[in-house]
Each structure stands twice: as structure tokens, then as C-alpha cells.
Amino acid sequence: MKSKINKFLRVVLILILVTGCEDYLDPEVITYENYEQVTSSYNYTKQRLASVYSVIQPGFTRLDGAMLASASDEAEHTNEASDIQFLNTGSWNAYSNPDNVWAHYYRGIYKANQYIVSTDSVDLDQYKLDPEKQEVYQLYLKEIARWKSEARFLRAYFYFELIKRYGGVPIITVAGSIDQDFSLVNRNSLEECVRFVADECDACAAVLPERPATLEDLGRATKGAALALKSRILLYAASDLFNDPSWESGFSAPELISVSGDRQVRWQEAAVAAKAVIDLSPAARYKLTSNYSDLFGSENYRDSEVIFCDRAGNSNDFEIANFPVGYKLGNSGTTPSQNLVDAYEDRTGLPITDPGSVYDPGDPYSNRDPRLKATILTNNSTFFNRPVESFIGGLDGPPIAQATRTGYYLNKYVNQGLELETGQTSVHSWIILRLAEIYLNYAEALNEYDPGNADIEDYVNDVRNRAGMPDLTSGLSQDEMRERIRHERRIELAFEEHRNWDVRRWVIASDVLSSPLEGIQITRNPADSTFSYQNIIVENRVFRNEMYLYPIPQSEIAIAAGLMQNPGW
């Protein structure tokens, strides 16, 4: 038995080195005997799946208290000492990256691999050998198969999170082998990684239920979640970044950062994958929720539009981090930019720069796309029974310490009704996949391989109409429709961790993320209490071509010399 224990511990040691992580095992798995007991138990197996789900990172405050939006043109984080600022100033590299998730997600991948293997060891003999318990036996077999597919889905999701940041990464699907030399681990090609995730999604979709069976199952992986993740990975694989490595020419291993073959076929595959989710909607009961704001409330995990989310417990950390500074315990935090505010159309569907727009510079937040109000707290908007005062000298404005630097505060996902002083809390569930994104995925892919298809306009209009916006102008060219779809993603999906990756995969980040981050300076006129608005530059941002992909952490390359670094790093 001692040799078995030593063998197990050697596997653990190797995987600690590979993941750069220490505490990936469940606390109860500390000896070989315990390991066998845990993995053979039906009840333990059921409980241990939660450990794999716990790897998911909700986007509320995960980057040193900030949202990833504050490293894009969506926002600025009020705390200038936050680590997220390194992403904005260009002061990040292979040794120090505020969004370095490599070790974290390989920890999750190992947990998933360990769990997947262990499901084959569950001992059900007491039911299998009892003629009177065959119904229970079949039920347990079905449940174990479902749990295994949930773990496979989660593993595919973890790989997607790595791929969108690093390109091709090592694909590891076994719990560990003492004979493997991890110092020689190589990155798989990007094509192999994309295909792995897509194939895993198909395999999971064949087993997972169309919809949660009970209220307690809300937030768990379903067939729709697997198909939706496939839609997303194939959309990324068809996009500019992964099809033209010229953004970083001269890289000796282009297969790690780009795919080859017929790009039109990839666009078609992405469109078909998105349509599969849409076609599943009647059975899964997916539909766009009637009120956009409801998607981001405390009960959003119940919403018919949500396909997959990280269902969390009660807290008020996000509100403390983002309430306007003039409200007790409010720390400001993620503050939306003027760049984003200016992107919201007027209520007639025209850009605010259009001569025919009903936009009024003296009353800039009226008659706008309703999603502006649902997403952003503007000056003089009502919050917690009083107007927000982000003007100079106001209760929430400069020169108060930690006051917004952009003139705005965040509204999306913020529960305005929480009494922070009394410690009141509410549920916060981070949406990972939802139906509106799938509509826009479908429209984007379809526009690239079948421009003019009526579905493109219909599905974009469905998203707009739900928000109270009019249809797009008919007869748009392919290029015009492409820009309209990109605009719709920017508005509809703001602060949901899409923008950073969208501008990268469209290869426009070198313009977008290197442009100055703008805000508004607001002055109240004492004579009539009206306001004057002046655009200001809040921060000059830095983005270089190598930043289209993240650097492989240097600490990992030091362990596995076979890992080739990404170009430019």
C-alpha cells in the first residue's frame, strides 16, 4: 500500500508543477485510501462536482476589485492603484499580468480531469445486484453520466477561457501519469484546441438535459450551455485575429495563433452552431426577457434568457465597490466612459452625431437608447431616492476622494435597493451565456458567409426591439451590417466581459484600446441649476500589437521549456 500512496503523491507533485498551483484537490483527498473511498462513493461524487464549478470566475470584482471593463474603452477604475491599471498603461508582461489565469484554469482542468476519471469508479453494486433496486440503479447511472458531462463542459469552458487569451495551449485530458515528462509539454495548435472544445461541446450536448429539472439545478450546465459555448468558440475561430497572423508577422509557429483552411466554412460552422441554440429554444424555453434591466437583478439566474451563469450566494461586495461615493459605504469603482456613453444612439436609432438626431447636448441623457439608463448612472439620475450628483462639488463628484473620474457610475448588476449600512445582501449571479449573445453570434457569422440573408436583420432587430429600439434601416450592405452588429454587441453586452475580446478578435484593439479614455466634466449653473458638460481626457491608454494575445507566464515556461512564448513577448 505504501507504494500506491507514493505513486499517488508523485502524480500530485507533478500536477502542482504543471498548474503552478497548490490547493487544487478537495480537502478530504489526502491519502490514497481516502482517494479511493471518495471516488467510489455516489454521494461524494455528487458533492465533489461543486469543486469543479467553483473554478468559474465571476466578473464582478475579480481584477483587484475591478471589472475587466476598466481595461477596455468601456470604463475606468476609480482606484488608480488597482492592478488593473497595468493593463491600461502597457506595464504588463510575461512576469506580471493582472489577468493571468493560466494556473487558475489549469487547476480547474485538472480538477475536471480527476472528476471525469473518478465517475467511472463509482460503486453501485448494491443497486446493480439487487433485482428490487433496478430503477434506482438506472437513475444513478443516468445521474453519474450527467455529472460527468457537466465536468466535461466545464473543462471545455476553462479551455475556451485560455484559448481566447493565449491561442493554442496544451490539451491535457488525463488526471496525471508518473511516466510523463512535463518539462517537455508543448502547446497544441490553435486548430486542435478549437476542435477539442467544439467536439467536447457536442459530446456534452448529447447527454445533458435540455433544461434544469429543478430550481436547485439552475446555474448548472445544460444542452443549451454546451451548444452556446460551441457557438462562441467557433465564432472566435472564424474571426480576424485567428485567421490572419499578420498582426504579428514573423512568428515562427503561426499554427499556435491562427487556423488555416477555408474561412467561409468556419463562418458557416459558427452560424450553424448558433442556430442550433436558437432552434433548441422552444424545448429549453429560452426567450429574450421583456425587460433588459431584469437580466441583471438578483433573480437573474431564473431568467428565461440566461443559458448559463455562475450562481453565487448572498453578498454586497459589488455594491460597496460600485455605489456612488456619496452614498454611505460606496467606493465608486468601475466608472463608465464617455466613449461608451457616446455610442448609445438616440431613441430613433440614429447616432448622436447624425444631423437628424433628436440628441440634445444640453440634456444629453434624454431620448437615448433605454439601455443607457439600464447600464449607466448619469448625473441627476435617481439612485436610492436622490439624484446622483456627479457634477463638480456634488455629493458624488470631484473633488471628493474616490469620486468618479469619468462623470458616471455603474448601474448594470448593481442592486440599488441594498441598505449597505445595515449589512443587507442579495444574490449575485454572473451571466456567462445568454440568448441575446447567441442571436448576435448568429447574425455576425451569417453576415460573413451569406450576406443579405433575412435572418441577419431579423435577429439583430429582435435584440434591439426588446430594448425599445427601432429596427435597423433596411437594405444595408455587408460592410454596413457588420458595423451595425458590432455596435449592437458593444451596447447590448456592455460590462459582461465581451468588449475586450471582441475588439481583439476583430483586430481593432490597436486603435480602440490605444485611444484616450474619455469622461465628462459637469458644472452646475447656480442661477438655474442647469448643467454644462465638457468632454475631458481621463487617461491615455497604451496597446501594442503583441497584446492581441497574452504572454504565456514566464514561470510556466521555466517549468515546461517546450512551451513556446507568444509573439512579441
# chains A, B, ... in the order shown; residues from 1 in each chain; ligands from 1
call {"tool": "closest_atom_pairs", "arguments": {"of": "segment 269-387 of chain A", "to": "segment 481-499 of chain A", "cutoff": "12 Å", "atoms": "only C-alpha atoms", "output": "Markdown table"}}
result
| residue | atom | partner | partner_atom | distance |
| --- | --- | --- | --- | --- |
| A:Tyr292 | CA | A:Glu492 | CA | 9.0 |
| A:Ser293 | CA | A:Glu492 | CA | 11.0 |
| A:Leu295 | CA | A:Leu493 | CA | 11.3 |
| A:Phe296 | CA | A:Glu496 | CA | 10.3 |
| A:Cys309 | CA | A:Glu496 | CA | 11.5 |
| A:Thr334 | CA | A:Phe495 | CA | 9.5 |
| A:Thr335 | CA | A:Phe495 | CA | 10.6 |
| A:Pro336 | CA | A:Phe495 | CA | 9.1 |
| A:Ser337 | CA | A:Ala494 | CA | 11.4 |
| A:Asn339 | CA | A:Arg490 | CA | 11.1 |
| A:Leu340 | CA | A:Ile491 | CA | 8.1 |
| A:Val341 | CA | A:Ile491 | CA | 9.4 |
| A:Asp342 | CA | A:Ile491 | CA | 10.6 |
| A:Ala343 | CA | A:Ile491 | CA | 7.6 |
| A:Tyr344 | CA | A:Ile491 | CA | 6.9 |
| A:Glu345 | CA | A:Ile491 | CA | 9.5 |
| A:Gly349 | CA | A:Arg484 | CA | 11.0 |
| A:Leu350 | CA | A:Arg484 | CA | 11.4 |
| A:Pro351 | CA | A:His487 | CA | 10.6 |
| A:Asp369 | CA | A:Ile491 | CA | 9.2 |
| A:Pro370 | CA | A:Ile491 | CA | 10.4 |
| A:Arg371 | CA | A:Ile491 | CA | 7.4 |
| A:Leu372 | CA | A:Ile491 | CA | 8.2 |
| A:Lys373 | CA | A:Ile491 | CA | 11.6 |
| A:Ala374 | CA | A:Glu492 | CA | 10.5 |
| A:Thr375 | CA | A:Ala494 | CA | 7.8 |
| A:Ile376 | CA | A:Ala494 | CA | 10.0 |
call {"tool": "closest_atom_pairs", "arguments": {"of": "segment 399-487 of chain A", "to": "segment 265-283 of chain A", "cutoff": "8 Å", "atoms": "only C-alpha atoms", "output": "Markdown table"}}
result
| residue | atom | partner | partner_atom | distance |
| --- | --- | --- | --- | --- |
| A:Leu435 | CA | A:Ile278 | CA | 7.8 |
| A:Ile438 | CA | A:Ala274 | CA | 5.7 |
| A:Tyr439 | CA | A:Ala274 | CA | 7.3 |
| A:Asn441 | CA | A:Ala274 | CA | 6.4 |
| A:Tyr442 | CA | A:Ala271 | CA | 4.9 |
| A:Ala443 | CA | A:Ala271 | CA | 7.6 |
| A:Glu444 | CA | A:Ala271 | CA | 8.0 |
| A:Ala445 | CA | A:Ala271 | CA | 5.0 |
| A:Leu446 | CA | A:Ala271 | CA | 5.6 |
| A:Glu448 | CA | A:Trp267 | CA | 6.5 |
| A:Tyr449 | CA | A:Trp267 | CA | 6.0 |
call {"tool": "residues_around", "arguments": {"residues": "segment 138-141 of chain A", "least_positions_apart": "6", "cutoff": "9 Å", "atoms": "only C-alpha atoms", "output": "list in words"}}
result
Tyr42, Leu124, Tyr127 and Lys128 of chain A
call {"tool": "residues_around", "arguments": {"residues": "Glu143 of chain A", "least_positions_apart": "5", "cutoff": "10 Å", "atoms": "only C-alpha atoms", "output": "JSON, numbers by chain"}}
result
{"A": [42, 46, 137, 138, 148, 149, 208]}
call {"tool": "write_last_selection", "arguments": {"atoms": "N, CA and C atoms", "output": "CSV table (one decimal), in the first residue's frame"}}
result
chain,number,residue,atom,x,y,z
A,42,TYR,N,-21.0,7.3,-4.4
A,42,TYR,CA,-22.1,8.1,-5.2
A,42,TYR,C,-22.3,9.4,-4.6
A,46,LYS,N,-21.3,13.1,-6.2
A,46,LYS,CA,-22.3,14.2,-6.4
A,46,LYS,C,-21.8,15.5,-5.8
A,137,TYR,N,-30.9,2.0,-9.7
A,137,TYR,CA,-29.6,1.8,-10.3
A,137,TYR,C,-29.6,2.5,-11.7
A,138,GLN,N,-30.6,2.4,-12.5
A,138,GLN,CA,-30.7,3.1,-13.8
A,138,GLN,C,-30.7,4.6,-13.6
A,148,LYS,N,-20.7,13.7,-15.2
A,148,LYS,CA,-19.5,13.5,-16.0
A,148,LYS,C,-19.5,14.5,-17.1
A,149,SER,N,-20.7,14.7,-17.8
A,149,SER,CA,-20.8,15.6,-18.9
A,149,SER,C,-20.7,17.0,-18.4
A,208,LEU,N,-26.5,16.0,-21.7
A,208,LEU,CA,-27.0,16.9,-20.8
A,208,LEU,C,-28.5,17.2,-21.1
call {"tool": "residues_around", "arguments": {"residues": "segment 555-561 of chain A", "least_positions_apart": "4", "cutoff": "6 Å", "atoms": "only C-alpha atoms", "output": "list of chain:residue names"}}
result
A:Ser183, A:Leu184, A:Val185
call {"tool": "decode", "arguments": {"residues": "segment 188-199 of chain A", "atoms": "all heavy atoms", "output": "CSV table (one decimal), in the first residue's frame"}}
result
chain,number,residue,atom,x,y,z
A,188,ASN,N,-0.6,22.7,-28.0
A,188,ASN,CA,-1.3,22.2,-29.2
A,188,ASN,C,-1.6,23.4,-30.1
A,188,ASN,O,-1.6,24.5,-29.7
A,188,ASN,CB,-2.6,21.6,-28.7
A,188,ASN,CG,-2.4,20.2,-28.1
A,188,ASN,OD1,-2.0,20.1,-26.9
A,188,ASN,ND2,-2.7,19.2,-28.8
A,189,SER,N,-1.8,23.0,-31.4
A,189,SER,CA,-2.1,24.1,-32.3
A,189,SER,C,-3.5,24.7,-32.0
A,189,SER,O,-4.3,24.1,-31.3
A,189,SER,CB,-2.2,23.5,-33.8
A,189,SER,OG,-3.3,22.7,-33.9
A,190,LEU,N,-3.7,25.9,-32.5
A,190,LEU,CA,-5.0,26.6,-32.2
A,190,LEU,C,-6.1,25.8,-32.8
A,190,LEU,O,-7.2,25.7,-32.2
A,190,LEU,CB,-4.9,28.0,-32.8
A,190,LEU,CG,-6.2,28.8,-32.7
A,190,LEU,CD1,-6.6,29.0,-31.2
A,190,LEU,CD2,-6.0,30.2,-33.4
A,191,GLU,N,-5.9,25.2,-34.0
A,191,GLU,CA,-6.9,24.4,-34.6
A,191,GLU,C,-7.3,23.2,-33.8
A,191,GLU,O,-8.5,22.9,-33.6
A,191,GLU,CB,-6.5,24.0,-36.0
A,191,GLU,CG,-7.4,23.1,-36.7
A,191,GLU,CD,-8.8,23.7,-37.1
A,191,GLU,OE1,-8.7,24.9,-37.4
A,191,GLU,OE2,-9.8,23.1,-37.0
A,192,GLU,N,-6.3,22.6,-33.2
A,192,GLU,CA,-6.6,21.4,-32.4
A,192,GLU,C,-7.4,21.8,-31.1
A,192,GLU,O,-8.3,21.1,-30.7
A,192,GLU,CB,-5.3,20.8,-32.0
A,192,GLU,CG,-4.6,20.0,-33.1
A,192,GLU,CD,-3.2,19.6,-32.7
A,192,GLU,OE1,-2.5,20.2,-31.8
A,192,GLU,OE2,-2.7,18.6,-33.3
A,193,CYS,N,-7.0,23.0,-30.6
A,193,CYS,CA,-7.7,23.5,-29.4
A,193,CYS,C,-9.2,23.8,-29.7
A,193,CYS,O,-10.1,23.5,-28.9
A,193,CYS,CB,-7.0,24.7,-28.8
A,193,CYS,SG,-5.4,24.3,-28.1
A,194,VAL,N,-9.4,24.5,-30.8
A,194,VAL,CA,-10.8,24.9,-31.1
A,194,VAL,C,-11.6,23.6,-31.4
A,194,VAL,O,-12.7,23.5,-30.9
A,194,VAL,CB,-10.8,25.8,-32.4
A,194,VAL,CG1,-12.2,25.9,-33.0
A,194,VAL,CG2,-10.2,27.1,-32.1
A,195,ARG,N,-11.0,22.7,-32.1
A,195,ARG,CA,-11.8,21.5,-32.4
A,195,ARG,C,-12.1,20.7,-31.2
A,195,ARG,O,-13.1,20.1,-31.0
A,195,ARG,CB,-11.0,20.6,-33.4
A,195,ARG,CG,-11.7,19.4,-34.0
A,195,ARG,CD,-13.1,19.8,-34.5
A,195,ARG,NE,-13.1,20.9,-35.4
A,195,ARG,CZ,-14.2,21.6,-35.7
A,195,ARG,NH1,-15.4,21.2,-35.2
A,195,ARG,NH2,-14.2,22.6,-36.6
A,196,PHE,N,-11.1,20.6,-30.2
A,196,PHE,CA,-11.3,19.9,-29.0
A,196,PHE,C,-12.5,20.5,-28.2
A,196,PHE,O,-13.4,19.8,-27.8
A,196,PHE,CB,-10.1,20.0,-28.1
A,196,PHE,CG,-10.3,19.5,-26.7
A,196,PHE,CD1,-10.2,18.1,-26.5
A,196,PHE,CD2,-10.5,20.3,-25.6
A,196,PHE,CE1,-10.4,17.6,-25.2
A,196,PHE,CE2,-10.7,19.8,-24.4
A,196,PHE,CZ,-10.7,18.4,-24.2
A,197,VAL,N,-12.6,21.8,-28.1
A,197,VAL,CA,-13.7,22.5,-27.4
A,197,VAL,C,-15.0,22.2,-28.1
A,197,VAL,O,-16.0,21.8,-27.4
A,197,VAL,CB,-13.4,24.0,-27.2
A,197,VAL,CG1,-14.7,24.6,-26.6
A,197,VAL,CG2,-12.2,24.2,-26.3
A,198,ALA,N,-15.0,22.4,-29.4
A,198,ALA,CA,-16.3,22.2,-30.2
A,198,ALA,C,-16.7,20.7,-30.0
A,198,ALA,O,-17.9,20.4,-29.8
A,198,ALA,CB,-16.0,22.5,-31.6
A,199,ASP,N,-15.8,19.8,-30.2
A,199,ASP,CA,-16.2,18.3,-30.1
A,199,ASP,C,-16.7,18.0,-28.7
A,199,ASP,O,-17.6,17.2,-28.5
A,199,ASP,CB,-15.0,17.4,-30.5
A,199,ASP,CG,-14.7,17.5,-32.0
A,199,ASP,OD1,-15.5,18.0,-32.7
A,199,ASP,OD2,-13.6,17.0,-32.3
